[in-house]
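This report refers to the structure that appears directly beneath it.
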Amino acid sequence: MKRGGFIFGLLFFYVASASGQVVAHLEEVKGQLKLARKKALQDSQGRELLQVGDRILTGARATATLVYHDGVIVRLFPQSSVTVEERDGASVLTLKKGGVWAQIPKHRKRPRRVVLRTSDAMIGIRGTTLAVMKDKNRGTSIGLFEGEIEVRNQKGRLNLNSGQVMEGLKANSVLAKRVKKCPTNCNSIARAR
């Protein structure tokens, strides 16, 4: 992103967030993207400020990037549906379908709590790079490229470490049985996103 665009985005974010509703903004929108706000579905113009409760839907060949003011970056894959929320001081992204790649930088003083939810699990992330895919039939898959996350579902909780993946996770899955070592190309996947 160009420096002027970054400063403009930060200024817009700061001014608009005075109302307390804006949590992030969209960048790098490619393809057809819809934004659902207060039950109204509209075509995205590509640089919207995202408010609590907004749902972003990417088309078959569309991608988009959500950027938070503190450097959290979330890239949406094609055919994804993500709702942006804030709860108990944490940023919550609900992934209904599709996939995301997220990079949450480490902050020394006040780390942002970010939670990624699917119908199968809740993933607490901080100082992390990961990808999450949600499929109605196959469940949730998580690839952790760096850092550590906590995964919770109906059966319990488990910390996932850098270089590990979970595939086919369902709400009633025994978490430890879903953990595998990341394939050898795991780091190249993280860089490619």
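Residue numbers start at 1 in each chain; chains themselves are named A, B, ... in the order of the structure tokens; ligands are numbered from 1 in the order shown.
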Counting only C-alpha atoms, what is within 8 Å of A:Tyr68, bar same-chain residues fewer than 6 positions away, as a list in words? Val23, Ala24 and His25 of chain A
Same residues, C-alpha atoms, output as a compact mmCIF listing (two decimals), in the first residue's frame:
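What landed in again.txt:
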# COMPACT_ATOMS: atom_id res chain seq x y z
CA VAL A 23 -13.29 -1.57 13.71
CA ALA A 24 -11.34 -1.99 10.43
CA HIS A 25 -11.31 -1.06 6.77
Can you tell me which residues surround A:Asp88 at a distance of at most 10 Å, considering only C-alpha atoms, apart from same-chain residues fewer than 3 positions away, and format the answer as an MDAnalysis selection string? chainID A and resid 91:92 113
Neighbouring residues of A:Thr140 were defined as those with any atom within 10 Å, considering only C-alpha atoms; residues of the same chain fewer than 2 positions away were excluded. Please report them as a list in words.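 Within the cut-off, the hits are Leu95, Lys97, Gly98, Gly99, Arg117, Thr118, Ser119, Asp120, Ala121, Val132, Met133, Lys134, Asp135, Lys136, Asn137, Arg138, Ile142, Met166, Glu167, Gly168, Leu169, Lys170 and Ala171 of chain A.
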Enter the distance from atom CA of A:Arg87 to atom CA of A:Ala176, in Å, rounded to one decimal.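 That distance, rounded to one decimal, is 27.7 Å.
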Which one of A:Leu35, A:Val174, A:Leu144, A:Ala131 sits closest to A:Gly156 if you count only C-alpha atoms?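 Using only C-alpha atoms, the shortest distance to A:Gly156 belongs to A:Val174.
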Identify, on the basis of only C-alpha atoms, every residue whose closest approach to A:Lys181 does not exceed 8 Å; exclude the query and any residue fewer than 5 positions from it along the same chain; express the result as an MDAnalysis selection string. chainID A and resid 163:165
Could you write out that same residue set with C-alpha atoms as a short mmCIF file (atom, residue, chain, number, x, y, z; two decimals), in the first residue's frame?
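What ended up in selection.cif:
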data_model
loop_
_atom_site.label_atom_id
_atom_site.label_comp_id
_atom_site.auth_asym_id
_atom_site.auth_seq_id
_atom_site.Cartn_x
_atom_site.Cartn_y
_atom_site.Cartn_z
CA GLY A 163 4.07 -25.84 12.29
CA GLN A 164 0.93 -27.76 13.26
CA VAL A 165 -2.41 -28.21 11.48
#
Do you have the atom CA of A:Leu26-atom CA of A:Gly147 distance handy? 25.0 Å
Length of the atom CA of A:Ser44 to atom CA of A:Arg75 vector [Å]: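 Between these atoms lies a distance of 15.5 Å.
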Would you return as a VMD selection string the members of stretch 17-130 of chain A that DSSP assigns to strand (DSSP E) on this structure's backbone? chain A and resid 22 to 30 33 to 37 40 to 43 49 to 51 55 to 58 63 to 67 73 to 76 81 to 87 90 to 104 113 to 117 122 to 130
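Looking only at chain A, the set that DSSP places in alpha helix (DSSP H) from backbone geometry is Arg3, Gly4, Gly5, Phe6, Ile7, Phe8, Gly9, Leu10, Leu11, Phe12, Phe13, Tyr14, Val15, Ala16, Ser17, Cys186, Asn187, Ser188, Ile189, Ala190, Arg191 and Ala192 of chain A.
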Selection near A:Thr58, 10 Å with only C-alpha atoms, sequence-local residues under 3 positions removed, as a list in words: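 Listed by chain and then number, they are Val29, Lys30, Gly31, Gln32, Leu33, Lys34, Leu35, Ser44, Arg61, Ala62, Thr63, Ala64, Leu76, Phe77, Pro78, Gln79, Ser80, Ser81, Val82 and Gly98 of chain A.
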Selection near A:Leu130, 10 Å with only C-alpha atoms, sequence-local residues under 2 positions removed, as a PyMOL selection string: chain A and resi 74+100-104+125+128+132+142-149+162-163+165+189-190
Atoms to include: N, CA and C atoms. Write the selected residues as a PDB file, in the first residue's frame.
ATOM      1  N   VAL A  74      -6.253  -9.407   7.860  1.00  0.00           N
ATOM      2  CA  VAL A  74      -7.030 -10.623   7.595  1.00  0.00           C
ATOM      3  C   VAL A  74      -7.378 -10.632   6.115  1.00  0.00           C
ATOM      4  N   VAL A 100      -9.804 -17.766   5.534  1.00  0.00           N
ATOM      5  CA  VAL A 100      -9.066 -16.531   5.809  1.00  0.00           C
ATOM      6  C   VAL A 100      -7.612 -16.881   6.114  1.00  0.00           C
ATOM      7  N   TRP A 101      -6.757 -15.938   5.844  1.00  0.00           N
ATOM      8  CA  TRP A 101      -5.362 -15.961   6.280  1.00  0.00           C
ATOM      9  C   TRP A 101      -5.222 -14.743   7.169  1.00  0.00           C
ATOM     10  N   ALA A 102      -4.662 -14.910   8.347  1.00  0.00           N
ATOM     11  CA  ALA A 102      -4.569 -13.786   9.276  1.00  0.00           C
ATOM     12  C   ALA A 102      -3.163 -13.656   9.828  1.00  0.00           C
ATOM     13  N   GLN A 103      -2.750 -12.404   9.993  1.00  0.00           N
ATOM     14  CA  GLN A 103      -1.474 -12.110  10.638  1.00  0.00           C
ATOM     15  C   GLN A 103      -1.752 -11.119  11.755  1.00  0.00           C
ATOM     16  N   ILE A 104      -1.503 -11.555  12.973  1.00  0.00           N
ATOM     17  CA  ILE A 104      -1.737 -10.737  14.151  1.00  0.00           C
ATOM     18  C   ILE A 104      -0.371 -10.437  14.747  1.00  0.00           C
ATOM     19  N   ILE A 125      -6.252 -16.087  19.126  1.00  0.00           N
ATOM     20  CA  ILE A 125      -4.989 -15.869  18.440  1.00  0.00           C
ATOM     21  C   ILE A 125      -4.331 -14.564  18.884  1.00  0.00           C
ATOM     22  N   THR A 128       0.454 -14.109  15.786  1.00  0.00           N
ATOM     23  CA  THR A 128       0.311 -15.354  15.052  1.00  0.00           C
ATOM     24  C   THR A 128       0.099 -15.119  13.569  1.00  0.00           C
ATOM     25  N   VAL A 132      -7.320 -20.385   8.169  1.00  0.00           N
ATOM     26  CA  VAL A 132      -8.466 -21.170   8.639  1.00  0.00           C
ATOM     27  C   VAL A 132      -9.427 -21.331   7.476  1.00  0.00           C
ATOM     28  N   ILE A 142      -7.293 -25.765  10.239  1.00  0.00           N
ATOM     29  CA  ILE A 142      -6.446 -24.681  10.725  1.00  0.00           C
ATOM     30  C   ILE A 142      -4.998 -25.026  10.415  1.00  0.00           C
ATOM     31  N   GLY A 143      -4.267 -24.080   9.857  1.00  0.00           N
ATOM     32  CA  GLY A 143      -2.822 -24.220   9.650  1.00  0.00           C
ATOM     33  C   GLY A 143      -2.124 -23.100  10.391  1.00  0.00           C
ATOM     34  N   LEU A 144      -1.221 -23.432  11.297  1.00  0.00           N
ATOM     35  CA  LEU A 144      -0.524 -22.421  12.098  1.00  0.00           C
ATOM     36  C   LEU A 144       0.914 -22.309  11.607  1.00  0.00           C
ATOM     37  N   PHE A 145       1.245 -21.158  11.025  1.00  0.00           N
ATOM     38  CA  PHE A 145       2.557 -20.946  10.433  1.00  0.00           C
ATOM     39  C   PHE A 145       3.570 -20.435  11.442  1.00  0.00           C
ATOM     40  N   GLU A 146       3.134 -19.566  12.358  1.00  0.00           N
ATOM     41  CA  GLU A 146       4.008 -19.102  13.430  1.00  0.00           C
ATOM     42  C   GLU A 146       3.165 -18.679  14.615  1.00  0.00           C
ATOM     43  N   GLY A 147       3.761 -18.787  15.807  1.00  0.00           N
ATOM     44  CA  GLY A 147       3.057 -18.399  17.019  1.00  0.00           C
ATOM     45  C   GLY A 147       2.371 -19.577  17.684  1.00  0.00           C
ATOM     46  N   GLU A 148       1.369 -19.254  18.497  1.00  0.00           N
ATOM     47  CA  GLU A 148       0.608 -20.259  19.230  1.00  0.00           C
ATOM     48  C   GLU A 148      -0.841 -19.795  19.306  1.00  0.00           C
ATOM     49  N   ILE A 149      -1.769 -20.729  19.221  1.00  0.00           N
ATOM     50  CA  ILE A 149      -3.184 -20.409  19.352  1.00  0.00           C
ATOM     51  C   ILE A 149      -3.830 -21.390  20.317  1.00  0.00           C
ATOM     52  N   SER A 162       3.299 -23.546  16.394  1.00  0.00           N
ATOM     53  CA  SER A 162       3.816 -23.262  15.064  1.00  0.00           C
ATOM     54  C   SER A 162       4.174 -24.564  14.345  1.00  0.00           C
ATOM     55  N   GLY A 163       3.767 -24.654  13.084  1.00  0.00           N
ATOM     56  CA  GLY A 163       4.074 -25.840  12.290  1.00  0.00           C
ATOM     57  C   GLY A 163       3.077 -26.975  12.438  1.00  0.00           C
ATOM     58  N   VAL A 165      -1.119 -28.406  12.142  1.00  0.00           N
ATOM     59  CA  VAL A 165      -2.406 -28.210  11.480  1.00  0.00           C
ATOM     60  C   VAL A 165      -3.462 -29.075  12.158  1.00  0.00           C
ATOM     61  N   ILE A 189       3.410 -21.509   1.998  1.00  0.00           N
ATOM     62  CA  ILE A 189       1.996 -21.123   1.938  1.00  0.00           C
ATOM     63  C   ILE A 189       1.795 -19.805   2.673  1.00  0.00           C
ATOM     64  N   ALA A 190       2.406 -19.670   3.842  1.00  0.00           N
ATOM     65  CA  ALA A 190       2.273 -18.444   4.640  1.00  0.00           C
ATOM     66  C   ALA A 190       2.821 -17.245   3.885  1.00  0.00           C
TER      67      ALA A 190
END
